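J.: Handing over structure25.pdb, PDB, C-alpha atoms and all ligand atoms.
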```pdb
ATOM      1  CA  MET A 135      38.774  16.425   6.770
ATOM      2  CA  GLY A 136      37.403  13.923   4.338
ATOM      3  CA  PHE A 137      35.720  16.356   1.923
ATOM      4  CA  PRO A 138      35.717  15.205  -1.703
ATOM      5  CA  VAL A 139      38.694  16.905  -3.396
ATOM      6  CA  LYS A 140      36.564  17.719  -6.424
ATOM      7  CA  ALA A 141      33.952  19.491  -4.298
ATOM      8  CA  PHE A 142      36.647  21.320  -2.343
ATOM      9  CA  ASN A 143      38.315  22.623  -5.491
ATOM     10  CA  SER A 144      35.008  23.530  -7.048
ATOM     11  CA  GLY A 145      34.061  25.421  -3.864
ATOM     12  CA  LEU A 146      37.180  27.554  -4.227
ATOM     13  CA  ASP A 147      35.923  28.529  -7.673
ATOM     14  CA  TYR A 148      32.515  29.709  -6.490
ATOM     15  CA  CYS A 149      31.598  33.152  -7.769
ATOM     16  CA  ALA A 150      29.975  35.143  -4.941
ATOM     17  CA  LYS A 151      26.775  37.067  -5.752
ATOM     18  CA  PRO A 152      25.864  40.455  -4.282
ATOM     19  CA  GLU A 153      22.920  38.933  -2.366
ATOM     20  CA  ASP A 154      24.962  36.105  -0.817
ATOM     21  CA  ILE A 155      25.192  35.683   2.932
ATOM     22  CA  PHE A 156      28.273  33.848   4.176
ATOM     23  CA  VAL A 157      28.787  32.502   7.681
ATOM     24  CA  CYS A 158      32.541  32.209   8.091
ATOM     25  CA  SER A 159      34.650  30.820  10.914
ATOM     26  CA  TYR A 160      37.474  28.628  12.045
ATOM     27  CA  PRO A 161      35.973  25.201  12.913
ATOM     28  CA  LYS A 162      34.251  24.706  16.268
ATOM     29  CA  CYS A 163      33.739  28.391  16.996
ATOM     30  CA  GLY A 164      29.922  28.447  16.892
ATOM     31  CA  THR A 165      29.362  28.259  13.132
ATOM     32  CA  THR A 166      26.228  26.103  13.322
ATOM     33  CA  TRP A 167      24.730  28.291  16.030
ATOM     34  CA  LEU A 168      25.289  31.458  13.995
ATOM     35  CA  GLN A 169      23.938  29.773  10.858
ATOM     36  CA  ASN A 170      20.782  28.856  12.713
ATOM     37  CA  MET A 171      20.393  32.403  14.035
ATOM     38  CA  VAL A 172      20.774  33.794  10.513
ATOM     39  CA  TYR A 173      18.287  31.262   9.173
ATOM     40  CA  LEU A 174      15.724  32.105  11.875
ATOM     41  CA  ILE A 175      16.123  35.855  11.361
ATOM     42  CA  LEU A 176      15.507  35.465   7.632
ATOM     43  CA  ASN A 177      12.555  33.133   8.189
ATOM     44  CA  ASP A 178      10.481  35.100  10.695
ATOM     45  CA  GLY A 179      11.660  32.942  13.606
ATOM     46  CA  VAL A 180      10.166  29.776  12.105
ATOM     47  CA  PRO A 181      12.606  26.882  12.719
ATOM     48  CA  LEU A 182      13.658  24.293  10.174
ATOM     49  CA  SER A 183      10.938  21.735   9.717
ATOM     50  CA  LEU A 184      11.418  18.094  10.665
ATOM     51  CA  ASP A 185      12.493  17.107   7.175
ATOM     52  CA  GLN A 186      14.934  20.009   6.675
ATOM     53  CA  PHE A 187      18.653  19.846   7.423
ATOM     54  CA  LEU A 188      20.885  22.835   7.955
ATOM     55  CA  PRO A 189      23.721  21.430   5.798
ATOM     56  CA  ARG A 190      21.293  21.372   2.878
ATOM     57  CA  VAL A 191      19.646  24.748   3.466
ATOM     58  CA  PHE A 192      22.928  26.431   4.418
ATOM     59  CA  PRO A 193      25.642  24.237   2.854
ATOM     60  CA  HIS A 194      29.342  24.187   3.547
ATOM     61  CA  LEU A 195      30.962  25.515   0.377
ATOM     62  CA  GLU A 196      34.127  23.394   0.504
ATOM     63  CA  GLU A 197      32.170  20.256   1.305
ATOM     64  CA  VAL A 198      29.570  20.476  -1.463
ATOM     65  CA  GLY A 199      31.225  22.555  -4.199
ATOM     66  CA  LYS A 200      29.984  25.474  -6.256
ATOM     67  CA  GLU A 201      27.407  23.502  -8.263
ATOM     68  CA  VAL A 202      25.302  22.894  -5.149
ATOM     69  CA  CYS A 203      25.621  26.522  -4.026
ATOM     70  CA  ASN A 204      24.637  27.786  -7.457
ATOM     71  CA  GLN A 205      21.311  25.968  -7.076
ATOM     72  CA  LEU A 206      20.394  27.704  -3.804
ATOM     73  CA  PRO A 207      17.541  30.189  -3.679
ATOM     74  CA  THR A 208      18.415  33.891  -3.281
ATOM     75  CA  PRO A 209      19.787  35.000  -0.908
ATOM     76  CA  ARG A 210      22.195  32.084  -0.936
ATOM     77  CA  LEU A 211      23.169  31.018   2.555
ATOM     78  CA  ILE A 212      26.702  29.622   2.543
ATOM     79  CA  LYS A 213      29.008  28.350   5.292
ATOM     80  CA  THR A 214      32.773  28.406   4.909
ATOM     81  CA  HIS A 215      35.899  27.798   6.968
ATOM     82  CA  LEU A 216      38.165  29.134   4.221
ATOM     83  CA  PRO A 217      40.695  31.774   5.171
ATOM     84  CA  PHE A 218      39.758  35.320   4.208
ATOM     85  CA  SER A 219      42.235  35.421   1.321
ATOM     86  CA  ILE A 220      40.478  32.644  -0.598
ATOM     87  CA  THR A 221      36.878  33.142   0.502
ATOM     88  CA  PRO A 222      34.875  34.043  -2.624
ATOM     89  CA  HIS A 223      34.532  37.800  -2.530
ATOM     90  CA  ASN A 224      31.846  40.176  -3.670
ATOM     91  CA  SER A 225      31.845  43.724  -2.303
ATOM     92  CA  LYS A 226      28.067  43.584  -1.890
ATOM     93  CA  ALA A 227      27.809  40.107  -0.357
ATOM     94  CA  ARG A 228      27.590  39.889   3.439
ATOM     95  CA  TYR A 229      30.088  38.010   5.582
ATOM     96  CA  LEU A 230      29.385  37.101   9.204
ATOM     97  CA  TYR A 231      32.470  35.829  11.013
ATOM     98  CA  VAL A 232      32.195  34.084  14.378
ATOM     99  CA  ALA A 233      35.285  33.755  16.583
ATOM    100  CA  ARG A 234      35.744  31.786  19.808
ATOM    101  CA  ASN A 235      38.568  31.827  22.310
ATOM    102  CA  PRO A 236      41.231  29.305  21.234
ATOM    103  CA  PHE A 237      41.131  27.337  24.497
ATOM    104  CA  ASP A 238      37.472  26.320  24.179
ATOM    105  CA  CYS A 239      37.863  25.979  20.420
ATOM    106  CA  ALA A 240      40.663  23.432  20.948
ATOM    107  CA  VAL A 241      38.542  21.356  23.335
ATOM    108  CA  SER A 242      35.540  21.418  21.022
ATOM    109  CA  PHE A 243      37.783  20.514  18.067
ATOM    110  CA  PHE A 244      39.236  17.618  20.086
ATOM    111  CA  HIS A 245      35.749  16.151  20.572
ATOM    112  CA  HIS A 246      34.896  16.789  16.941
ATOM    113  CA  THR A 247      38.014  14.912  15.831
ATOM    114  CA  ARG A 248      37.143  11.968  18.044
ATOM    115  CA  GLY A 249      33.594  12.184  16.791
ATOM    116  CA  PHE A 250      34.210  11.207  13.165
ATOM    117  CA  PRO A 251      36.253   7.982  13.422
ATOM    118  CA  GLN A 252      36.067   7.152   9.711
ATOM    119  CA  HIS A 253      37.626  10.479   8.834
ATOM    120  CA  TYR A 254      40.138  11.078  11.577
ATOM    121  CA  ASP A 255      40.767   7.612  13.068
ATOM    122  CA  PHE A 256      41.044   9.310  16.470
ATOM    123  CA  LEU A 257      38.219   7.625  18.369
ATOM    124  CA  ASP A 258      40.392   6.906  21.414
ATOM    125  CA  GLY A 259      42.662   9.911  20.932
ATOM    126  CA  GLU A 260      43.795  11.837  23.998
ATOM    127  CA  PHE A 261      43.609  15.603  24.443
ATOM    128  CA  GLU A 262      47.378  15.703  24.933
ATOM    129  CA  GLU A 263      47.906  14.375  21.417
ATOM    130  CA  PHE A 264      45.265  16.626  19.853
ATOM    131  CA  PHE A 265      46.676  19.688  21.605
ATOM    132  CA  GLU A 266      50.048  19.187  19.892
ATOM    133  CA  CYS A 267      48.326  19.142  16.498
ATOM    134  CA  PHE A 268      46.191  22.186  17.358
ATOM    135  CA  ILE A 269      49.064  24.335  18.586
ATOM    136  CA  ALA A 270      51.153  23.366  15.553
ATOM    137  CA  GLY A 271      48.242  24.340  13.276
ATOM    138  CA  GLU A 272      48.193  20.792  11.913
ATOM    139  CA  VAL A 273      44.442  20.280  12.004
ATOM    140  CA  ASP A 274      41.636  20.815   9.490
ATOM    141  CA  PHE A 275      41.793  24.345   8.059
ATOM    142  CA  GLY A 276      45.239  24.955   9.504
ATOM    143  CA  ASP A 277      46.293  27.364  12.201
ATOM    144  CA  TYR A 278      43.583  28.952  14.357
ATOM    145  CA  PHE A 279      45.298  32.361  14.427
ATOM    146  CA  ASP A 280      45.967  32.444  10.689
ATOM    147  CA  ASN A 281      42.229  32.156  10.137
ATOM    148  CA  LEU A 282      41.189  34.614  12.841
ATOM    149  CA  ILE A 283      43.630  37.483  12.274
ATOM    150  CA  PRO A 284      42.859  38.399   8.628
ATOM    151  CA  TRP A 285      39.110  38.266   9.329
ATOM    152  CA  TYR A 286      39.522  40.381  12.447
ATOM    153  CA  LYS A 287      41.334  42.990  10.380
ATOM    154  CA  ARG A 288      38.191  43.209   8.203
ATOM    155  CA  LYS A 289      35.821  43.607  11.141
ATOM    156  CA  ASP A 290      35.016  47.248  10.339
ATOM    157  CA  ASP A 291      34.260  46.618   6.662
ATOM    158  CA  GLU A 292      30.701  47.530   5.790
ATOM    159  CA  ASN A 293      29.887  44.027   4.584
ATOM    160  CA  VAL A 294      31.495  42.173   7.502
ATOM    161  CA  LEU A 295      29.988  41.413  10.898
ATOM    162  CA  PHE A 296      32.538  40.098  13.379
ATOM    163  CA  ILE A 297      30.949  38.438  16.377
ATOM    164  CA  THR A 298      32.224  36.198  19.169
ATOM    165  CA  TYR A 299      30.797  32.974  20.543
ATOM    166  CA  GLU A 300      31.221  34.419  24.026
ATOM    167  CA  SER A 301      29.146  37.516  23.220
ATOM    168  CA  MET A 302      26.408  35.321  21.724
ATOM    169  CA  LYS A 303      26.445  33.312  24.935
ATOM    170  CA  ALA A 304      26.475  36.366  27.218
ATOM    171  CA  ASP A 305      23.620  38.155  25.470
ATOM    172  CA  SER A 306      21.848  36.280  22.710
ATOM    173  CA  TYR A 307      19.177  39.001  22.408
ATOM    174  CA  ARG A 308      21.787  41.643  21.656
ATOM    175  CA  SER A 309      23.612  39.372  19.231
ATOM    176  CA  ILE A 310      20.407  38.556  17.372
ATOM    177  CA  MET A 311      19.551  42.259  17.084
ATOM    178  CA  ALA A 312      23.049  43.023  15.759
ATOM    179  CA  ILE A 313      22.799  40.219  13.186
ATOM    180  CA  ALA A 314      19.312  41.308  12.086
ATOM    181  CA  ASP A 315      20.525  44.885  11.769
ATOM    182  CA  PHE A 316      23.471  43.761   9.659
ATOM    183  CA  LEU A 317      21.154  41.709   7.433
ATOM    184  CA  GLU A 318      18.739  44.651   7.241
ATOM    185  CA  VAL A 319      15.841  42.596   8.563
ATOM    186  CA  GLU A 320      13.509  44.572  10.801
ATOM    187  CA  ILE A 321      12.684  42.438  13.795
ATOM    188  CA  PHE A 322      13.064  44.932  16.612
ATOM    189  CA  LYS A 323       9.334  45.718  16.858
ATOM    190  CA  ASN A 324       8.195  42.124  16.741
ATOM    191  CA  LYS A 325       8.618  40.676  20.224
ATOM    192  CA  LYS A 326       7.020  37.362  19.319
ATOM    193  CA  MET A 327       9.443  36.863  16.483
ATOM    194  CA  ILE A 328      12.444  37.799  18.616
ATOM    195  CA  ASP A 329      11.326  35.361  21.330
ATOM    196  CA  SER A 330      10.998  32.636  18.747
ATOM    197  CA  ILE A 331      14.493  33.290  17.352
ATOM    198  CA  ILE A 332      15.943  33.185  20.880
ATOM    199  CA  LYS A 333      14.037  30.001  21.703
ATOM    200  CA  TYR A 334      14.914  28.031  18.580
ATOM    201  CA  SER A 335      18.565  29.060  18.584
ATOM    202  CA  SER A 336      19.049  28.187  22.243
ATOM    203  CA  PHE A 337      21.410  25.393  23.194
ATOM    204  CA  ASP A 338      18.577  23.277  24.619
ATOM    205  CA  ALA A 339      16.451  23.558  21.497
ATOM    206  CA  MET A 340      19.375  22.820  19.206
ATOM    207  CA  GLN A 341      20.665  19.945  21.310
ATOM    208  CA  LYS A 342      17.342  18.140  20.999
ATOM    209  CA  ASN A 343      17.697  17.940  17.238
ATOM    210  CA  GLN A 344      21.268  16.762  16.663
ATOM    211  CA  THR A 345      20.629  15.238  13.254
ATOM    212  CA  ARG A 346      19.316  18.510  11.893
ATOM    213  CA  TRP A 347      22.655  20.300  12.264
ATOM    214  CA  ALA A 348      25.412  17.764  11.886
ATOM    215  CA  SER A 349      27.544  17.559   8.844
ATOM    216  CA  LEU A 350      26.234  15.507   5.931
ATOM    217  CA  ARG A 351      28.690  12.835   7.066
ATOM    218  CA  SER A 352      26.822  10.198   8.981
ATOM    219  CA  ASP A 353      29.489   8.498  11.053
ATOM    220  CA  THR A 354      29.603  10.914  13.992
ATOM    221  CA  VAL A 355      29.783   9.246  17.390
ATOM    222  CA  GLU A 356      29.832  12.415  19.510
ATOM    223  CA  PRO A 357      26.996  14.932  19.628
ATOM    224  CA  PHE A 358      27.644  17.887  17.346
ATOM    225  CA  ILE A 359      25.867  20.221  19.761
ATOM    226  CA  ARG A 360      27.937  19.012  22.704
ATOM    227  CA  LYS A 361      28.264  21.204  25.798
ATOM    228  CA  GLY A 362      27.876  24.766  24.599
ATOM    229  CA  ILE A 363      29.631  26.643  27.373
ATOM    230  CA  VAL A 364      32.444  29.121  27.841
ATOM    231  CA  GLY A 365      35.338  27.830  29.953
ATOM    232  CA  ASP A 366      35.181  24.054  29.438
ATOM    233  CA  TRP A 367      38.894  24.245  28.583
ATOM    234  CA  VAL A 368      39.853  24.309  32.285
ATOM    235  CA  ASN A 369      38.806  20.649  32.439
ATOM    236  CA  TYR A 370      41.354  19.675  29.777
ATOM    237  CA  PHE A 371      44.377  21.972  29.750
ATOM    238  CA  THR A 372      47.401  21.351  31.956
ATOM    239  CA  PRO A 373      49.190  24.472  33.258
ATOM    240  CA  LYS A 374      51.974  23.796  30.748
ATOM    241  CA  GLN A 375      49.566  23.572  27.808
ATOM    242  CA  THR A 376      47.820  26.734  29.018
ATOM    243  CA  HIS A 377      51.154  28.514  29.135
ATOM    244  CA  ARG A 378      52.120  27.392  25.642
ATOM    245  CA  LEU A 379      48.830  28.436  24.048
ATOM    246  CA  LEU A 380      48.902  31.775  25.879
ATOM    247  CA  GLU A 381      52.414  32.370  24.625
ATOM    248  CA  LYS A 382      51.382  31.609  21.061
ATOM    249  CA  TYR A 383      48.268  33.787  21.478
ATOM    250  CA  PHE A 384      50.235  36.860  22.513
ATOM    251  CA  TYR A 385      52.971  36.259  19.973
ATOM    252  CA  LYS A 386      50.554  35.849  17.053
ATOM    253  CA  THR A 387      48.084  38.603  17.980
ATOM    254  CA  LYS A 388      50.524  41.319  19.087
ATOM    255  CA  GLY A 389      49.450  44.693  17.743
ATOM    256  CA  THR A 390      46.228  43.367  16.212
ATOM    257  CA  GLY A 391      43.810  44.264  19.031
ATOM    258  CA  ILE A 392      42.861  40.617  19.403
ATOM    259  CA  ASP A 393      44.788  40.558  22.664
ATOM    260  CA  ASN A 394      41.832  42.528  24.100
ATOM    261  CA  LEU A 395      39.152  40.235  22.774
ATOM    262  CA  TRP A 396      38.775  37.624  25.515
ATOM    263  CA  LEU A 397      40.076  39.388  28.596
ATOM    264  CA  ASP A 398      38.219  37.125  31.071
ATOM    265  CA  VAL A 399      39.522  33.960  29.461
ATOM    266  CA  LEU A 400      43.039  35.344  29.166
ATOM    267  CA  GLU A 401      43.012  36.422  32.794
ATOM    268  CA  SER A 402      41.908  33.030  33.991
ATOM    269  CA  ALA A 403      44.440  31.313  31.701
ATOM    270  CA  THR A 404      47.199  33.558  33.022
ATOM    271  CA  LYS A 405      46.326  32.546  36.591
ATOM    272  CA  ASN A 406      46.263  28.867  35.611
ATOM    273  CA  ASN A 407      49.681  28.493  34.065
TER
HETATM  274  P1  LIG B   1      31.222  22.555  22.314
HETATM  275  O1  LIG B   1      31.907  21.387  21.658
HETATM  276  O2  LIG B   1      32.154  23.336  23.194
HETATM  277  O3  LIG B   1      29.977  22.184  23.017
HETATM  278  P2  LIG B   1      30.720  24.643  15.141
HETATM  279  O4  LIG B   1      29.289  24.769  14.784
HETATM  280  O5  LIG B   1      31.561  25.770  14.630
HETATM  281  O6  LIG B   1      31.242  23.297  14.787
HETATM  282  O7  LIG B   1      30.831  24.808  16.723
HETATM  283  C1  LIG B   1      30.387  23.796  17.567
HETATM  284  C2  LIG B   1      30.353  24.327  18.978
HETATM  285  O8  LIG B   1      29.261  25.254  19.130
HETATM  286  C3  LIG B   1      30.092  23.189  19.969
HETATM  287  O9  LIG B   1      30.794  23.575  21.164
HETATM  288  C4  LIG B   1      28.580  23.289  20.138
HETATM  289  O10 LIG B   1      28.090  22.664  21.290
HETATM  290  C5  LIG B   1      28.412  24.808  20.190
HETATM  291  N1  LIG B   1      27.017  25.229  19.955
HETATM  292  C6  LIG B   1      26.208  24.887  18.941
HETATM  293  N2  LIG B   1      24.987  25.418  19.105
HETATM  294  C7  LIG B   1      25.030  26.134  20.262
HETATM  295  C8  LIG B   1      24.073  26.908  20.988
HETATM  296  N3  LIG B   1      22.819  27.061  20.557
HETATM  297  N4  LIG B   1      24.476  27.503  22.130
HETATM  298  C9  LIG B   1      25.743  27.357  22.577
HETATM  299  N5  LIG B   1      26.688  26.618  21.955
HETATM  300  C10 LIG B   1      26.334  26.019  20.793
END
```
Can the structure from this file be put into structure tokens for me?
Ligand code: A3P
T.:
Amino acid sequence: MGFPVKAFNSGLDYCAKPEDIFVCSYPKCGTTWLQNMVYLILNDGVPLSLDQFLPRVFPHLEEVGKEVCNQLPTPRLIKTHLPFSITPHNSKARYLYVARNPFDCAVSFFHHTRGFPQHYDFLDGEFEEFFECFIAGEVDFGDYFDNLIPWYKRKDDENVLFITYESMKADSYRSIMAIADFLEVEIFKNKKMIDSIIKYSSFDAMQKNQTRWASLRSDTVEPFIRKGIVGDWVNYFTPKQTHRLLEKYFYKTKGTGIDNLWLDVLESATKNN
């Protein structure tokens, strides 16, 4: 992933504060989108200014290390892809976890991996090759399901909000209200503010300002805010790949309730393999 080892190790040592707000996820599941929503909700719907960058305002713990996070104003806004077991814990801190169906996540991750040639050396990589790494869990932050399952099990904890990319897409108003409620920010009476949060967190608004969101790494050759849809996976997966990921999905998530999470996607994948 190309993060400095020192920063990564220091990030693991971060001591979470009661006021902290963490946005947690497996990569490519809508992290940046959720971060922006959280930022807008906490800032009265006023977007980042032209000279502000999300990775500075809302840094990635494992990329920057604890020293940078310790300097943040309260409440500290922190992004992490760490698994639940090693995410810095405080029973009063808030954790928002965003999940996305693994098919679209894999496609988004494929483009991401092609997008940072200096880090992954995969500029001309094919989906077929990336898929093998993804299904084996041999990508940044390891296996998709190993990240998702422990967080899903925490979804009813008082200080955890579990949300899906697909639900944010289907009804951004409802998602924003749920996030604001979780953060205990009263926005429900302020229509102007809600409209502003919806507007500035929309795909179109975010796509216009690519440099504001991307990682601090500067070598990206693919847009970070790329396509932003549910179902792009059908353009990449062969029936065999669909079958293999479905099989892994059901095997890994059996008895967890996750098998009910993306019924539409699962139904269409089942028809396609
Ligand atoms: P795609 O590559 O499928 O377009 P992350 O922030 O976790 O890296 O996730 C990136 C994915 O979220 C990308 O998916 C990106 O386009 C999508 N995304 C970012 N902002 C979005 C928005 N406002 N609406 C919908 N999708 C968004």
J.: Around ligand LIG 1 (chain B), at most 9 Å away and counting only C-alpha atoms and all ligand atoms, which residues are there? Put them as number ranges by chain, please.
T.: A: 159-171, 232, 234, 238-246, 299, 302-303, 334-341, 347-348, 357-367
J.: Would you save the residues of that selection, restricted to C-alpha atoms, as a PDB file, keeping the file's coordinate frame?
T.:
```
ATOM      1  CA  SER A 159      34.650  30.820  10.914  1.00  0.00           C
ATOM      2  CA  TYR A 160      37.474  28.628  12.045  1.00  0.00           C
ATOM      3  CA  PRO A 161      35.973  25.201  12.913  1.00  0.00           C
ATOM      4  CA  LYS A 162      34.251  24.706  16.268  1.00  0.00           C
ATOM      5  CA  CYS A 163      33.739  28.391  16.996  1.00  0.00           C
ATOM      6  CA  GLY A 164      29.922  28.447  16.892  1.00  0.00           C
ATOM      7  CA  THR A 165      29.362  28.259  13.132  1.00  0.00           C
ATOM      8  CA  THR A 166      26.228  26.103  13.322  1.00  0.00           C
ATOM      9  CA  TRP A 167      24.730  28.291  16.030  1.00  0.00           C
ATOM     10  CA  LEU A 168      25.289  31.458  13.995  1.00  0.00           C
ATOM     11  CA  GLN A 169      23.938  29.773  10.858  1.00  0.00           C
ATOM     12  CA  ASN A 170      20.782  28.856  12.713  1.00  0.00           C
ATOM     13  CA  MET A 171      20.393  32.403  14.035  1.00  0.00           C
ATOM     14  CA  VAL A 232      32.195  34.084  14.378  1.00  0.00           C
ATOM     15  CA  ARG A 234      35.744  31.786  19.808  1.00  0.00           C
ATOM     16  CA  ASP A 238      37.472  26.320  24.179  1.00  0.00           C
ATOM     17  CA  CYS A 239      37.863  25.979  20.420  1.00  0.00           C
ATOM     18  CA  ALA A 240      40.663  23.432  20.948  1.00  0.00           C
ATOM     19  CA  VAL A 241      38.542  21.356  23.335  1.00  0.00           C
ATOM     20  CA  SER A 242      35.540  21.418  21.022  1.00  0.00           C
ATOM     21  CA  PHE A 243      37.783  20.514  18.067  1.00  0.00           C
ATOM     22  CA  PHE A 244      39.236  17.618  20.086  1.00  0.00           C
ATOM     23  CA  HIS A 245      35.749  16.151  20.572  1.00  0.00           C
ATOM     24  CA  HIS A 246      34.896  16.789  16.941  1.00  0.00           C
ATOM     25  CA  TYR A 299      30.797  32.974  20.543  1.00  0.00           C
ATOM     26  CA  MET A 302      26.408  35.321  21.724  1.00  0.00           C
ATOM     27  CA  LYS A 303      26.445  33.312  24.935  1.00  0.00           C
ATOM     28  CA  TYR A 334      14.914  28.031  18.580  1.00  0.00           C
ATOM     29  CA  SER A 335      18.565  29.060  18.584  1.00  0.00           C
ATOM     30  CA  SER A 336      19.049  28.187  22.243  1.00  0.00           C
ATOM     31  CA  PHE A 337      21.410  25.393  23.194  1.00  0.00           C
ATOM     32  CA  ASP A 338      18.577  23.277  24.619  1.00  0.00           C
ATOM     33  CA  ALA A 339      16.451  23.558  21.497  1.00  0.00           C
ATOM     34  CA  MET A 340      19.375  22.820  19.206  1.00  0.00           C
ATOM     35  CA  GLN A 341      20.665  19.945  21.310  1.00  0.00           C
ATOM     36  CA  TRP A 347      22.655  20.300  12.264  1.00  0.00           C
ATOM     37  CA  ALA A 348      25.412  17.764  11.886  1.00  0.00           C
ATOM     38  CA  PRO A 357      26.996  14.932  19.628  1.00  0.00           C
ATOM     39  CA  PHE A 358      27.644  17.887  17.346  1.00  0.00           C
ATOM     40  CA  ILE A 359      25.867  20.221  19.761  1.00  0.00           C
ATOM     41  CA  ARG A 360      27.937  19.012  22.704  1.00  0.00           C
ATOM     42  CA  LYS A 361      28.264  21.204  25.798  1.00  0.00           C
ATOM     43  CA  GLY A 362      27.876  24.766  24.599  1.00  0.00           C
ATOM     44  CA  ILE A 363      29.631  26.643  27.373  1.00  0.00           C
ATOM     45  CA  VAL A 364      32.444  29.121  27.841  1.00  0.00           C
ATOM     46  CA  GLY A 365      35.338  27.830  29.953  1.00  0.00           C
ATOM     47  CA  ASP A 366      35.181  24.054  29.438  1.00  0.00           C
ATOM     48  CA  TRP A 367      38.894  24.245  28.583  1.00  0.00           C
TER      49      TRP A 367
END
```
J.: Quick one: residues within 8 Å of segment 213-224 of chain A, only C-alpha atoms counted, chain neighbours fewer than 2 positions away excluded, as a PyMOL selection string?
T.: chain A and resi 146-152+156-161+165+169+192-196+211+226-227+275+280-281+284-285
J.: Using only C-alpha atoms, pick whichever of A:Asn406, A:Thr247, A:Asn394, A:Gln252 has the shortest atom-to-atom distance to Thr376 of chain A.
T.: A:Asn406
J.: Kindly indicate which residue among A:Ser301, A:Phe264, A:Glu153, A:Arg288 lies nearest to Pro209 of chain A, using only C-alpha atoms for the distances.
T.: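 Checking each of A:Ser301, A:Phe264, A:Glu153, A:Arg288 against Pro209 of chain A, counting only C-alpha atoms, the winner is A:Glu153.
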J.: What is the distance, in Å and to one decimal place, between atom CA of Phe237 of chain A and atom CA of Val172 of chain A?
T.: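 Here the two named atoms are 25.5 Å from each other.
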J.: Please identify all polymer residues lying at most 8 Å from the point (46.6, 25.3, 31.0) (file coordinates), using only C-alpha atoms, and present the result as a ChimeraX atom specification.
T.: /A:368,370-379,403,406-407
J.: Where does the PyMOL selection byres (((chain A and resi 318-324) around 12) and not hetatm) land in this file, that is, which residues does it pick, as a PDB file with C-alpha atoms, keeping the file's coordinate frame?
T.:
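Produced file expr.pdb, reproduced below:
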```pdb
ATOM      1  CA  GLU A 153      22.920  38.933  -2.366  1.00  0.00           C
ATOM      2  CA  ILE A 155      25.192  35.683   2.932  1.00  0.00           C
ATOM      3  CA  VAL A 172      20.774  33.794  10.513  1.00  0.00           C
ATOM      4  CA  TYR A 173      18.287  31.262   9.173  1.00  0.00           C
ATOM      5  CA  LEU A 174      15.724  32.105  11.875  1.00  0.00           C
ATOM      6  CA  ILE A 175      16.123  35.855  11.361  1.00  0.00           C
ATOM      7  CA  LEU A 176      15.507  35.465   7.632  1.00  0.00           C
ATOM      8  CA  ASN A 177      12.555  33.133   8.189  1.00  0.00           C
ATOM      9  CA  ASP A 178      10.481  35.100  10.695  1.00  0.00           C
ATOM     10  CA  GLY A 179      11.660  32.942  13.606  1.00  0.00           C
ATOM     11  CA  ARG A 228      27.590  39.889   3.439  1.00  0.00           C
ATOM     12  CA  ASN A 293      29.887  44.027   4.584  1.00  0.00           C
ATOM     13  CA  TYR A 307      19.177  39.001  22.408  1.00  0.00           C
ATOM     14  CA  ARG A 308      21.787  41.643  21.656  1.00  0.00           C
ATOM     15  CA  ILE A 310      20.407  38.556  17.372  1.00  0.00           C
ATOM     16  CA  MET A 311      19.551  42.259  17.084  1.00  0.00           C
ATOM     17  CA  ALA A 312      23.049  43.023  15.759  1.00  0.00           C
ATOM     18  CA  ILE A 313      22.799  40.219  13.186  1.00  0.00           C
ATOM     19  CA  ALA A 314      19.312  41.308  12.086  1.00  0.00           C
ATOM     20  CA  ASP A 315      20.525  44.885  11.769  1.00  0.00           C
ATOM     21  CA  PHE A 316      23.471  43.761   9.659  1.00  0.00           C
ATOM     22  CA  LEU A 317      21.154  41.709   7.433  1.00  0.00           C
ATOM     23  CA  LYS A 325       8.618  40.676  20.224  1.00  0.00           C
ATOM     24  CA  LYS A 326       7.020  37.362  19.319  1.00  0.00           C
ATOM     25  CA  MET A 327       9.443  36.863  16.483  1.00  0.00           C
ATOM     26  CA  ILE A 328      12.444  37.799  18.616  1.00  0.00           C
ATOM     27  CA  ASP A 329      11.326  35.361  21.330  1.00  0.00           C
ATOM     28  CA  SER A 330      10.998  32.636  18.747  1.00  0.00           C
ATOM     29  CA  ILE A 331      14.493  33.290  17.352  1.00  0.00           C
TER      30      ILE A 331
END
```
J.: Can you sort out segment 325-331 of chain A so it carries N, CA and C atoms, written as an mmCIF file, in the coordinates of the input?
T.:
```
data_model
loop_
_atom_site.group_PDB
_atom_site.id
_atom_site.type_symbol
_atom_site.label_atom_id
_atom_site.label_comp_id
_atom_site.auth_asym_id
_atom_site.auth_seq_id
_atom_site.Cartn_x
_atom_site.Cartn_y
_atom_site.Cartn_z
ATOM 1 N N LYS A 325 8.119 41.397 19.051
ATOM 2 C CA LYS A 325 8.618 40.676 20.224
ATOM 3 C C LYS A 325 8.441 39.163 20.075
ATOM 4 N N LYS A 326 7.296 38.794 19.481
ATOM 5 C CA LYS A 326 7.020 37.362 19.319
ATOM 6 C C LYS A 326 8.088 36.696 18.436
ATOM 7 N N MET A 327 8.443 37.420 17.401
ATOM 8 C CA MET A 327 9.443 36.863 16.483
ATOM 9 C C MET A 327 10.812 36.772 17.168
ATOM 10 N N ILE A 328 11.149 37.805 17.912
ATOM 11 C CA ILE A 328 12.444 37.799 18.616
ATOM 12 C C ILE A 328 12.482 36.634 19.613
ATOM 13 N N ASP A 329 11.381 36.459 20.354
ATOM 14 C CA ASP A 329 11.326 35.361 21.330
ATOM 15 C C ASP A 329 11.511 34.011 20.641
ATOM 16 N N SER A 330 10.911 33.898 19.473
ATOM 17 C CA SER A 330 10.998 32.636 18.747
ATOM 18 C C SER A 330 12.438 32.379 18.264
ATOM 19 N N ILE A 331 13.102 33.441 17.814
ATOM 20 C CA ILE A 331 14.493 33.290 17.352
ATOM 21 C C ILE A 331 15.376 32.875 18.534
#
```
